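Undergrad: My structure file run28.txt, compact mmCIF, C-alpha atoms, is below:
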```txt
# COMPACT_ATOMS: atom_id res chain seq x y z
CA MET A 16 0.00 0.00 0.00
CA ARG A 17 2.87 2.40 0.87
CA ALA A 18 4.44 1.68 -2.52
CA ARG A 19 1.18 2.55 -4.29
CA TRP A 20 1.08 5.81 -2.36
CA PHE A 21 4.58 6.82 -3.50
CA VAL A 22 3.68 5.94 -7.08
CA ALA A 23 0.65 8.22 -6.85
CA VAL A 24 2.76 11.12 -5.56
CA ALA A 25 5.33 10.61 -8.31
CA ALA A 26 2.63 10.54 -10.96
CA THR A 27 1.13 13.77 -9.65
CA ALA A 28 4.53 15.46 -9.73
CA ALA A 29 5.04 14.37 -13.33
CA VAL A 30 1.73 15.91 -14.32
CA LEU A 31 2.67 19.23 -12.76
CA VAL A 32 6.03 19.33 -14.54
CA SER A 33 4.74 18.38 -17.96
CA ALA A 34 1.34 20.15 -17.70
CA CYS A 35 -0.05 17.05 -19.36
CA GLY A 36 -2.50 14.58 -17.74
CA THR A 37 -2.01 10.82 -17.89
CA THR A 38 -4.60 8.06 -17.68
CA ASP A 39 -4.50 4.30 -17.31
CA ALA A 40 -6.20 1.73 -19.52
CA ASP A 41 -9.56 2.39 -17.85
CA ASP A 42 -9.28 6.16 -18.42
CA LYS A 43 -8.75 6.78 -14.71
CA PRO A 44 -5.99 8.98 -13.28
CA SER A 45 -2.78 6.98 -12.99
CA GLY A 46 -2.44 8.01 -9.34
CA LYS A 47 -4.79 8.80 -6.49
CA ASP A 48 -4.41 11.88 -4.33
CA ALA A 49 -5.53 10.15 -1.12
CA PRO A 50 -6.33 6.70 0.30
CA THR A 51 -9.94 5.57 0.02
CA ILE A 52 -11.62 3.70 2.89
CA ALA A 53 -14.93 1.93 2.32
CA LEU A 54 -17.40 1.14 5.11
CA PHE A 55 -20.23 -1.35 4.56
CA LEU A 56 -23.03 -1.73 7.11
CA PRO A 57 -25.68 -4.44 6.92
CA GLU A 58 -29.03 -2.83 7.67
CA SER A 59 -30.93 0.10 9.12
CA LYS A 60 -33.72 -1.60 11.10
CA THR A 61 -31.35 -1.63 14.06
CA THR A 62 -30.94 2.08 14.81
CA ARG A 63 -27.32 1.87 15.96
CA TYR A 64 -25.83 1.60 12.48
CA GLU A 65 -26.93 4.93 11.03
CA ALA A 66 -27.15 6.78 14.35
CA PHE A 67 -23.80 5.69 15.80
CA ASP A 68 -21.56 3.30 13.86
CA ARG A 69 -21.39 5.29 10.65
CA PRO A 70 -20.91 8.82 12.05
CA LEU A 71 -18.46 7.68 14.75
CA PHE A 72 -16.36 5.69 12.26
CA GLU A 73 -16.31 8.51 9.74
CA ALA A 74 -15.41 11.12 12.37
CA LYS A 75 -12.49 9.02 13.61
CA VAL A 76 -11.14 8.44 10.11
CA LYS A 77 -11.32 12.16 9.28
CA ALA A 78 -9.66 13.09 12.58
CA LEU A 79 -6.71 10.81 11.82
CA CYS A 80 -6.58 11.26 8.06
CA ALA A 81 -8.14 14.47 6.80
CA GLU A 82 -7.15 13.65 3.24
CA CYS A 83 -8.70 10.17 3.26
CA LYS A 84 -11.71 9.60 1.06
CA LEU A 85 -14.69 7.71 2.46
CA LEU A 86 -17.13 5.46 0.67
CA TYR A 87 -20.23 4.34 2.55
CA SER A 88 -22.92 1.75 1.78
CA ASN A 89 -25.82 0.24 3.72
CA ALA A 90 -27.14 -3.05 2.32
CA ASP A 91 -30.63 -2.87 3.88
CA GLN A 92 -30.32 -6.54 4.90
CA ASP A 93 -29.85 -7.59 1.26
CA ALA A 94 -26.79 -9.81 0.70
CA ALA A 95 -26.93 -9.41 -3.09
CA LYS A 96 -27.05 -5.63 -2.73
CA GLN A 97 -24.04 -5.72 -0.42
CA GLN A 98 -22.11 -7.79 -2.96
CA GLN A 99 -22.77 -5.14 -5.59
CA GLN A 100 -21.69 -2.42 -3.16
CA VAL A 101 -18.40 -4.13 -2.33
CA GLU A 102 -17.61 -4.85 -5.97
CA ALA A 103 -18.38 -1.22 -6.85
CA ALA A 104 -16.02 0.01 -4.13
CA LEU A 105 -13.25 -2.24 -5.42
CA THR A 106 -13.83 -0.88 -8.92
CA GLN A 107 -13.64 2.66 -7.54
CA GLY A 108 -10.20 1.94 -6.09
CA ALA A 109 -10.91 1.45 -2.38
CA ASP A 110 -7.70 0.86 -0.42
CA VAL A 111 -9.33 -0.66 2.70
CA LEU A 112 -12.67 -2.42 3.21
CA VAL A 113 -14.46 -2.34 6.58
CA LEU A 114 -17.22 -4.91 6.19
CA ASP A 115 -20.16 -5.68 8.48
CA ALA A 116 -21.61 -8.53 6.45
CA VAL A 117 -25.30 -9.17 5.89
CA ASP A 118 -24.47 -12.86 5.53
CA ALA A 119 -21.10 -13.38 7.17
CA GLY A 120 -20.95 -16.98 6.02
CA ALA A 121 -21.30 -16.09 2.36
CA VAL A 122 -18.94 -13.15 1.81
CA ALA A 123 -15.67 -15.10 1.54
CA PRO A 124 -15.68 -14.64 -2.28
CA LEU A 125 -15.87 -10.86 -1.79
CA VAL A 126 -12.98 -10.95 0.67
CA ASN A 127 -11.08 -13.08 -1.82
CA GLN A 128 -11.64 -10.46 -4.52
CA ALA A 129 -10.12 -7.88 -2.20
CA LYS A 130 -7.19 -10.17 -1.37
CA GLN A 131 -6.44 -10.65 -5.07
CA LYS A 132 -6.22 -6.87 -5.39
CA LYS A 133 -4.12 -6.73 -2.19
CA ILE A 134 -6.84 -4.69 -0.47
CA PRO A 135 -6.96 -5.33 3.32
CA VAL A 136 -10.27 -6.20 4.98
CA ILE A 137 -11.56 -5.53 8.50
CA ALA A 138 -14.53 -7.64 9.59
CA TYR A 139 -16.62 -5.22 11.62
CA ASP A 140 -19.02 -6.43 14.33
CA ARG A 141 -19.64 -9.80 12.61
CA LEU A 142 -16.97 -12.46 12.16
CA ILE A 143 -16.52 -13.46 8.52
CA SER A 144 -15.83 -17.18 8.13
CA SER A 145 -13.98 -19.45 5.68
CA ILE A 146 -11.16 -17.09 4.71
CA SER A 147 -8.34 -15.14 6.33
CA TYR A 148 -8.17 -11.34 6.46
CA GLU A 149 -6.49 -8.57 8.42
CA TYR A 150 -8.66 -7.80 11.49
CA TYR A 151 -11.90 -8.47 13.34
CA VAL A 152 -13.36 -5.73 15.55
CA SER A 153 -16.36 -6.58 17.73
CA PHE A 154 -17.49 -7.47 21.22
CA ASN A 155 -17.15 -10.68 23.20
CA ASN A 156 -20.36 -12.11 21.81
CA VAL A 157 -20.54 -15.28 23.90
CA ARG A 158 -20.20 -13.06 26.95
CA VAL A 159 -23.15 -10.97 25.70
CA GLY A 160 -25.35 -14.08 25.68
CA GLU A 161 -24.11 -15.12 29.11
CA MET A 162 -25.00 -11.70 30.51
CA GLN A 163 -28.46 -11.80 28.97
CA GLY A 164 -29.08 -15.30 30.31
CA GLN A 165 -27.81 -14.45 33.77
CA ALA A 166 -29.88 -11.27 33.96
CA LEU A 167 -33.02 -13.17 33.02
CA LEU A 168 -32.23 -15.94 35.49
CA ASP A 169 -31.66 -13.39 38.26
CA ALA A 170 -34.99 -11.72 37.52
CA LEU A 171 -36.85 -15.03 37.53
CA THR A 172 -35.16 -16.08 40.76
CA ALA A 173 -36.07 -12.80 42.43
CA ALA A 174 -39.68 -13.23 41.32
CA GLY A 175 -39.77 -16.87 42.43
CA THR A 176 -40.87 -18.02 38.98
CA THR A 177 -37.81 -19.98 37.84
CA ALA A 178 -39.58 -23.33 38.11
CA LYS A 179 -43.16 -22.11 37.71
CA GLY A 180 -43.34 -21.50 33.98
CA LYS A 181 -41.50 -21.38 30.69
CA ILE A 182 -39.36 -18.87 28.87
CA VAL A 183 -39.32 -17.92 25.20
CA MET A 184 -35.99 -17.44 23.41
CA ILE A 185 -35.98 -15.02 20.48
CA ASN A 186 -32.55 -15.30 18.92
CA GLY A 187 -31.08 -13.20 16.12
CA SER A 188 -30.66 -13.79 12.42
CA PRO A 189 -29.31 -17.21 11.40
CA THR A 190 -27.09 -15.52 8.79
CA ASP A 191 -25.31 -13.50 11.49
CA PRO A 192 -22.60 -15.58 13.25
CA SER A 193 -22.85 -13.29 16.27
CA SER A 194 -26.35 -14.69 16.82
CA ALA A 195 -24.94 -18.17 17.34
CA ASP A 196 -22.51 -16.78 19.92
CA TYR A 197 -25.26 -14.93 21.79
CA LYS A 198 -27.39 -18.07 21.79
CA LYS A 199 -24.48 -20.22 22.95
CA GLY A 200 -23.76 -17.92 25.87
CA ALA A 201 -27.40 -17.74 26.92
CA HIS A 202 -27.85 -21.52 26.79
CA GLN A 203 -24.71 -22.01 28.88
CA VAL A 204 -26.40 -20.07 31.67
CA LEU A 205 -30.03 -21.12 31.28
CA ASP A 206 -29.94 -24.80 30.32
CA GLY A 207 -30.98 -27.00 33.22
CA LYS A 208 -32.20 -24.04 35.26
CA VAL A 209 -35.32 -22.99 33.33
CA THR A 210 -37.72 -24.61 30.90
CA ILE A 211 -37.49 -23.22 27.37
CA GLY A 212 -41.01 -23.39 25.96
CA ARG A 213 -40.30 -21.96 22.52
CA GLU A 214 -37.12 -20.88 20.72
CA PHE A 215 -36.72 -19.02 17.42
CA ASP A 216 -33.94 -17.88 15.11
CA THR A 217 -35.37 -14.64 13.76
CA PRO A 218 -34.61 -13.72 10.12
CA ASP A 219 -33.15 -10.24 9.61
CA TRP A 220 -33.39 -9.47 13.36
CA SER A 221 -36.90 -8.31 12.43
CA PRO A 222 -39.02 -6.77 15.23
CA ASP A 223 -42.16 -7.63 13.24
CA LYS A 224 -41.16 -11.29 13.01
CA ALA A 225 -40.27 -11.28 16.69
CA GLN A 226 -43.75 -10.02 17.46
CA GLN A 227 -45.23 -12.87 15.42
CA GLU A 228 -42.99 -15.39 17.19
CA MET A 229 -44.09 -14.09 20.56
CA GLU A 230 -47.76 -14.24 19.56
CA GLN A 231 -47.30 -17.85 18.47
CA SER A 232 -45.61 -18.66 21.77
CA ILE A 233 -48.38 -17.14 23.86
CA THR A 234 -50.98 -19.06 21.88
CA ALA A 235 -49.08 -22.35 22.16
CA LEU A 236 -47.93 -22.10 25.78
CA GLY A 237 -50.69 -20.04 27.36
CA ARG A 238 -50.31 -16.49 28.56
CA ASP A 239 -49.82 -17.38 32.22
CA SER A 240 -47.16 -19.97 31.43
CA VAL A 241 -44.67 -17.50 29.93
CA VAL A 242 -42.57 -16.14 32.81
CA GLY A 243 -39.68 -14.61 30.87
CA VAL A 244 -38.30 -13.78 27.43
CA LEU A 245 -34.69 -13.95 26.23
CA SER A 246 -34.56 -11.49 23.33
CA ALA A 247 -31.18 -11.11 21.64
CA ASN A 248 -31.62 -7.40 20.90
CA ASP A 249 -33.76 -4.39 21.74
CA GLY A 250 -35.61 -4.17 18.44
CA MET A 251 -36.94 -7.69 18.78
CA ALA A 252 -37.68 -7.05 22.45
CA GLY A 253 -39.93 -4.21 21.31
CA GLY A 254 -41.78 -6.61 19.01
CA ALA A 255 -42.19 -9.18 21.78
CA ILE A 256 -43.43 -6.53 24.19
CA ALA A 257 -46.02 -5.38 21.64
CA ALA A 258 -47.26 -8.98 21.39
CA MET A 259 -47.50 -9.34 25.17
CA LYS A 260 -49.37 -6.06 25.54
CA ARG A 261 -51.77 -7.15 22.86
CA ALA A 262 -52.28 -10.44 24.73
CA GLY A 263 -53.38 -8.51 27.81
CA TYR A 264 -50.55 -9.07 30.28
CA ALA A 265 -51.32 -7.15 33.46
CA LYS A 266 -47.60 -7.16 34.27
CA LEU A 267 -44.98 -7.91 31.66
CA PRO A 268 -42.54 -10.72 32.42
CA PRO A 269 -38.82 -9.82 32.38
CA ILE A 270 -37.33 -9.50 28.91
CA THR A 271 -33.74 -8.92 27.83
CA GLY A 272 -32.26 -6.90 24.99
CA GLN A 273 -29.10 -5.54 23.44
CA ASP A 274 -27.79 -2.33 21.82
CA ALA A 275 -29.17 0.20 24.33
CA GLU A 276 -31.57 1.65 21.77
CA LEU A 277 -33.22 4.82 23.03
CA ALA A 278 -36.71 3.30 23.09
CA ALA A 279 -35.34 0.31 25.01
CA VAL A 280 -33.63 2.51 27.61
CA GLN A 281 -36.94 4.29 28.12
CA ARG A 282 -38.75 0.95 28.44
CA ILE A 283 -36.20 -0.21 31.01
CA LEU A 284 -36.72 2.89 33.12
CA THR A 285 -40.51 2.54 32.99
CA GLY A 286 -40.36 -1.19 33.73
CA GLU A 287 -41.53 -2.66 30.42
CA GLN A 288 -38.12 -4.16 29.58
CA TYR A 289 -35.84 -5.65 32.20
CA MET A 290 -32.39 -4.99 30.77
CA THR A 291 -30.22 -4.34 27.75
CA ILE A 292 -26.62 -5.00 26.84
CA TYR A 293 -24.82 -1.71 26.41
CA LEU A 294 -22.14 -1.98 23.75
CA ASP A 295 -19.69 0.89 23.67
CA ILE A 296 -20.17 1.39 19.95
CA ARG A 297 -17.98 4.50 20.10
CA ARG A 298 -14.98 2.36 21.05
CA GLU A 299 -15.82 -0.23 18.42
CA ALA A 300 -16.29 2.27 15.59
CA GLU A 301 -13.24 4.30 16.55
CA GLN A 302 -11.06 1.20 16.85
CA ALA A 303 -12.12 0.14 13.36
CA GLY A 304 -11.43 3.67 12.10
CA GLU A 305 -7.93 3.65 13.60
CA LEU A 306 -7.14 0.29 12.02
CA ALA A 307 -8.52 1.36 8.65
CA VAL A 308 -6.30 4.45 8.58
CA ALA A 309 -3.27 2.42 9.66
CA LEU A 310 -3.88 -0.13 6.89
CA ALA A 311 -4.41 2.66 4.37
CA HIS A 312 -0.89 3.87 5.16
CA GLY A 313 0.70 0.44 4.97
CA GLU A 314 0.82 -0.20 8.71
CA LYS A 315 -0.47 -3.25 10.55
CA PRO A 316 -0.69 -2.83 14.35
CA ALA A 317 -0.52 -5.89 16.58
CA ALA A 318 -3.94 -7.00 17.87
CA PRO A 319 -4.49 -8.05 21.49
CA ALA A 320 -6.50 -11.20 20.69
CA LYS A 321 -7.30 -13.83 18.07
CA ALA A 322 -10.69 -15.02 16.80
CA ASP A 323 -11.11 -18.46 15.22
CA ASN A 324 -13.31 -18.16 12.13
CA GLY A 325 -13.06 -21.84 11.22
CA THR A 326 -10.25 -21.28 8.73
CA ALA A 327 -7.81 -18.89 10.35
CA GLN A 328 -6.96 -17.16 13.61
CA ILE A 329 -7.97 -13.58 12.86
CA PRO A 330 -6.20 -10.75 14.73
CA ALA A 331 -9.01 -9.33 16.87
CA TYR A 332 -10.10 -6.48 19.10
CA LEU A 333 -12.89 -7.86 21.33
CA LEU A 334 -14.53 -5.27 23.56
CA ASP A 335 -16.37 -5.92 26.79
CA PRO A 336 -20.21 -5.67 26.92
CA ILE A 337 -22.04 -4.13 29.88
CA ALA A 338 -25.35 -5.36 31.31
CA VAL A 339 -27.67 -2.44 32.12
CA THR A 340 -30.82 -2.53 34.25
CA ALA A 341 -32.79 0.52 35.39
CA ASP A 342 -30.47 1.22 38.31
CA LYS A 343 -27.40 1.30 36.03
CA VAL A 344 -28.61 3.58 33.23
CA LYS A 345 -27.32 6.74 34.90
CA ASP A 346 -23.79 5.46 35.54
CA THR A 347 -23.30 3.84 32.13
CA ILE A 348 -25.33 5.08 29.19
CA VAL A 349 -25.86 8.61 30.52
CA LYS A 350 -22.40 8.98 32.05
CA ASP A 351 -20.75 8.01 28.75
CA GLY A 352 -22.86 10.52 26.84
CA PHE A 353 -24.40 7.81 24.69
CA TYR A 354 -27.69 9.67 25.20
CA LYS A 355 -28.36 12.98 26.89
CA PRO A 356 -30.88 13.07 29.75
CA ALA A 357 -33.10 15.27 27.58
CA ASP A 358 -33.17 12.53 24.92
CA ILE A 359 -34.26 9.89 27.42
CA CYS A 360 -36.47 11.84 29.78
CA THR A 361 -39.41 12.77 27.59
CA ALA A 362 -42.72 13.48 29.32
CA PRO A 363 -43.86 9.82 29.59
CA VAL A 364 -40.49 8.87 31.11
CA ALA A 365 -39.91 11.91 33.32
CA ALA A 366 -41.08 10.32 36.57
CA ALA A 367 -39.02 7.19 35.95
CA CYS A 368 -35.97 9.32 35.18
CA ALA A 369 -36.40 11.21 38.44
CA LYS A 370 -36.62 7.91 40.34
CA ALA A 371 -33.37 6.76 38.67
CA GLY A 372 -31.64 10.07 39.44
CA ILE A 373 -31.37 11.12 35.80
CA LYS A 374 -31.82 14.81 35.18
```
Could you express the structure from this file as structure tokens?

TA:
Amino acid sequence: MRARWFVAVAATAAVLVSACGTTDADDKPSGKDAPTIALFLPESKTTRYEAFDRPLFEAKVKALCAECKLLYSNADQDAAKQQQQVEAALTQGADVLVLDAVDAGAVAPLVNQAKQKKIPVIAYDRLISSISYEYYVSFNNVRVGEMQGQALLDALTAAGTTAKGKIVMINGSPTDPSSADYKKGAHQVLDGKVTIGREFDTPDWSPDKAQQEMEQSITALGRDSVVGVLSANDGMAGGAIAAMKRAGYAKLPPITGQDAELAAVQRILTGEQYMTIYLDIRREAEQAGELAVALAHGEKPAAPAKADNGTAQIPAYLLDPIAVTADKVKDTIVKDGFYKPADICTAPVAAACAKAGIK
């Protein structure tokens, strides 16, 4: 990459001296004036991607490399669309790819295309399998599932309902390898301690499908039999809660989540949702931005960990998740500035905010 950079500078100098432009076989400039970094995110149903991941990543890249060019694409949960986006970025001369795959088990051919062009790849948030690449930046996903399972178990134990009913597990998308890790961690905690009445792998992490799954569970198990819900993220928790409200629950059973979405934080404070997993997305996005800039300049920092993707040990940065219940919102999400009190404490949530000391 460094060699390509020097070639570009030399070509630019030659143009200035001769006052004559040069082009390659594809009628593109023979050199580029700055590295190009391409970010690919998988979908927009989960609010974090457009609200946090993208702007935080882009801000970090610009802070470290003002001259760097940025390409951005969101696949809207369409693997074919993401393939087209990646191929377009490669055609446009991207120097680094930061890829959060729609289908992490099916993008090895795209990574291979990049490798053939000697373009480094960072797997962002989701581990890409079946091929080696430069870095993986995410959270300890098995630990996320363990935290969700333990929080639910604690809530059921406190309510005395551990052995009195059944739980419903609403897992994430089967095309997202992180989902399997979350599920693994949750099962490690819950198996043998609770009865799992129904369990689903939810396509696209869809809140609407989660609502349907919860409705089916209530019908099959009986409303009074469902004592808890393990939801892998906040969006699906919202769908499950809508189903339970529609079914006429006088008091909602404890339900987990992930991502600390604003609506979920408000539900936690008002008692509709029991907890969420707070992921410091700022750290994740900024770490990916730092690595992307380093790779764009021919550097390759040592990573603190390795992640086994079934084919290779990928240099990895695995960040720690944080379990957040109502009593922890102030000292985590608010303290870190993830949301301002004014964002959280709208009129319907004002009393709950005051009780939690958020103002």

Undergrad: For segment 196-201 of chain A, list every protein, DNA or RNA residue within 9 Å, evaluated using only C-alpha atoms, and leave out those in the same chain fewer than 6 positions away; present the list as a list in words.

TA: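 Counting only C-alpha atoms, the residues come to Asn155, Asn156, Val157, Arg158, Val159, Gly160, Glu161, Met162, Gln163, Gly164, Gln165, Met184, Asn186, Gly187, Leu245 and Ala247 of chain A.
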
Undergrad: Would you mind listing what lies within 7 Å of segment 262-274 of chain A as an NGL selection string, with all atoms listed in the file counted and same-chain residues fewer than 4 positions away left out?

TA: :A and (163 or 167 or 170 or 242-249 or 252 or 258 or 287-294)

Undergrad: Calculate how many Å separate atom CA of Thr285 of chain A from atom CA of Thr61 of chain A, rounding to one decimal.

TA: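 Answer for the atom CA of Thr285 of chain A to atom CA of Thr61 of chain A separation: 21.4 Å.
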
Undergrad: In the coordinates of the file, take the point (-8.2, 4.9, 15.6) and a cut-off of 9 Å; then, counting all atoms listed in the file, name each qualifying protein, DNA or RNA residue as number ranges by chain.

TA: A: 72, 75-76, 78-79, 300-309

Undergrad: Go ahead and dump the residues you just picked, C-alpha atoms, as a compact mmCIF listing (two decimals), in the frame of the given file.

TA:
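Contents of part-v9.txt, as written:
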```txt
# COMPACT_ATOMS: atom_id res chain seq x y z
CA PHE A 72 -16.36 5.69 12.26
CA LYS A 75 -12.49 9.02 13.61
CA VAL A 76 -11.14 8.44 10.11
CA ALA A 78 -9.66 13.09 12.58
CA LEU A 79 -6.71 10.81 11.82
CA ALA A 300 -16.29 2.27 15.59
CA GLU A 301 -13.24 4.30 16.55
CA GLN A 302 -11.06 1.20 16.85
CA ALA A 303 -12.12 0.14 13.36
CA GLY A 304 -11.43 3.67 12.10
CA GLU A 305 -7.93 3.65 13.60
CA LEU A 306 -7.14 0.29 12.02
CA ALA A 307 -8.52 1.36 8.65
CA VAL A 308 -6.30 4.45 8.58
CA ALA A 309 -3.27 2.42 9.66
```

Undergrad: Using all atoms listed in the file, which residues sit within 9 Å of segment 55-60 of chain A once same-chain residues fewer than 3 positions away are excluded, as a VMD selection string?

TA: chain A and resid 63 to 65 68 to 69 86 to 94 97 100 to 101 112 to 118 139 219 to 222 250

Undergrad: Skipping near chain neighbours, those fewer than 4 positions away, what residues fall within 7 Å of Glu149 of chain A using all atoms listed in the file, listed as number ranges by chain?

TA: A: 135-137, 329-330

Undergrad: Please define a box with edges along x, y and z of the file around all atoms of segment 318-329 of chain A given in the file, extend it by 3 Å on each side, and return its centre and edge lengths in Å to one decimal, as JSON.

TA:
```
{"center_x": -8.6, "center_y": -14.4, "center_z": 15.1, "size_x": 15.4, "size_y": 20.8, "size_z": 18.8}
```

Undergrad: Record the distance separating atom CA of Cys83 of chain A and atom CA of Leu71 of chain A, expressed in Å with one decimal.

TA: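 It comes out at 15.3 Å.
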
Undergrad: Go ahead and compute the interatomic distance for atom CA of Ala371 of chain A and atom CA of Thr177 of chain A, in Å to one decimal.

TA: 27.1 Å

Undergrad: Between A:Val204, A:Ala320, A:Leu236, A:Ala166, which residue has the minimum interatomic distance to Gly180 of chain A, considering all atoms listed in the file?

TA: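 Smallest separation from Gly180 of chain A among the options: A:Leu236.
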
Undergrad: Which residue gives the smallest distance to Ala49 of chain A among A:Met229, A:Ile348, A:Ala311, A:Ala174, with only C-alpha atoms counted?

TA: A:Ala311

Undergrad: Taking all atoms listed in the file into account, which of A:Phe353, A:Tyr332, A:Phe215, A:Phe67 comes nearest Ile182 of chain A?

TA: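 Between A:Phe353, A:Tyr332, A:Phe215, A:Phe67, the residue approaching Ile182 of chain A most closely is A:Phe215.
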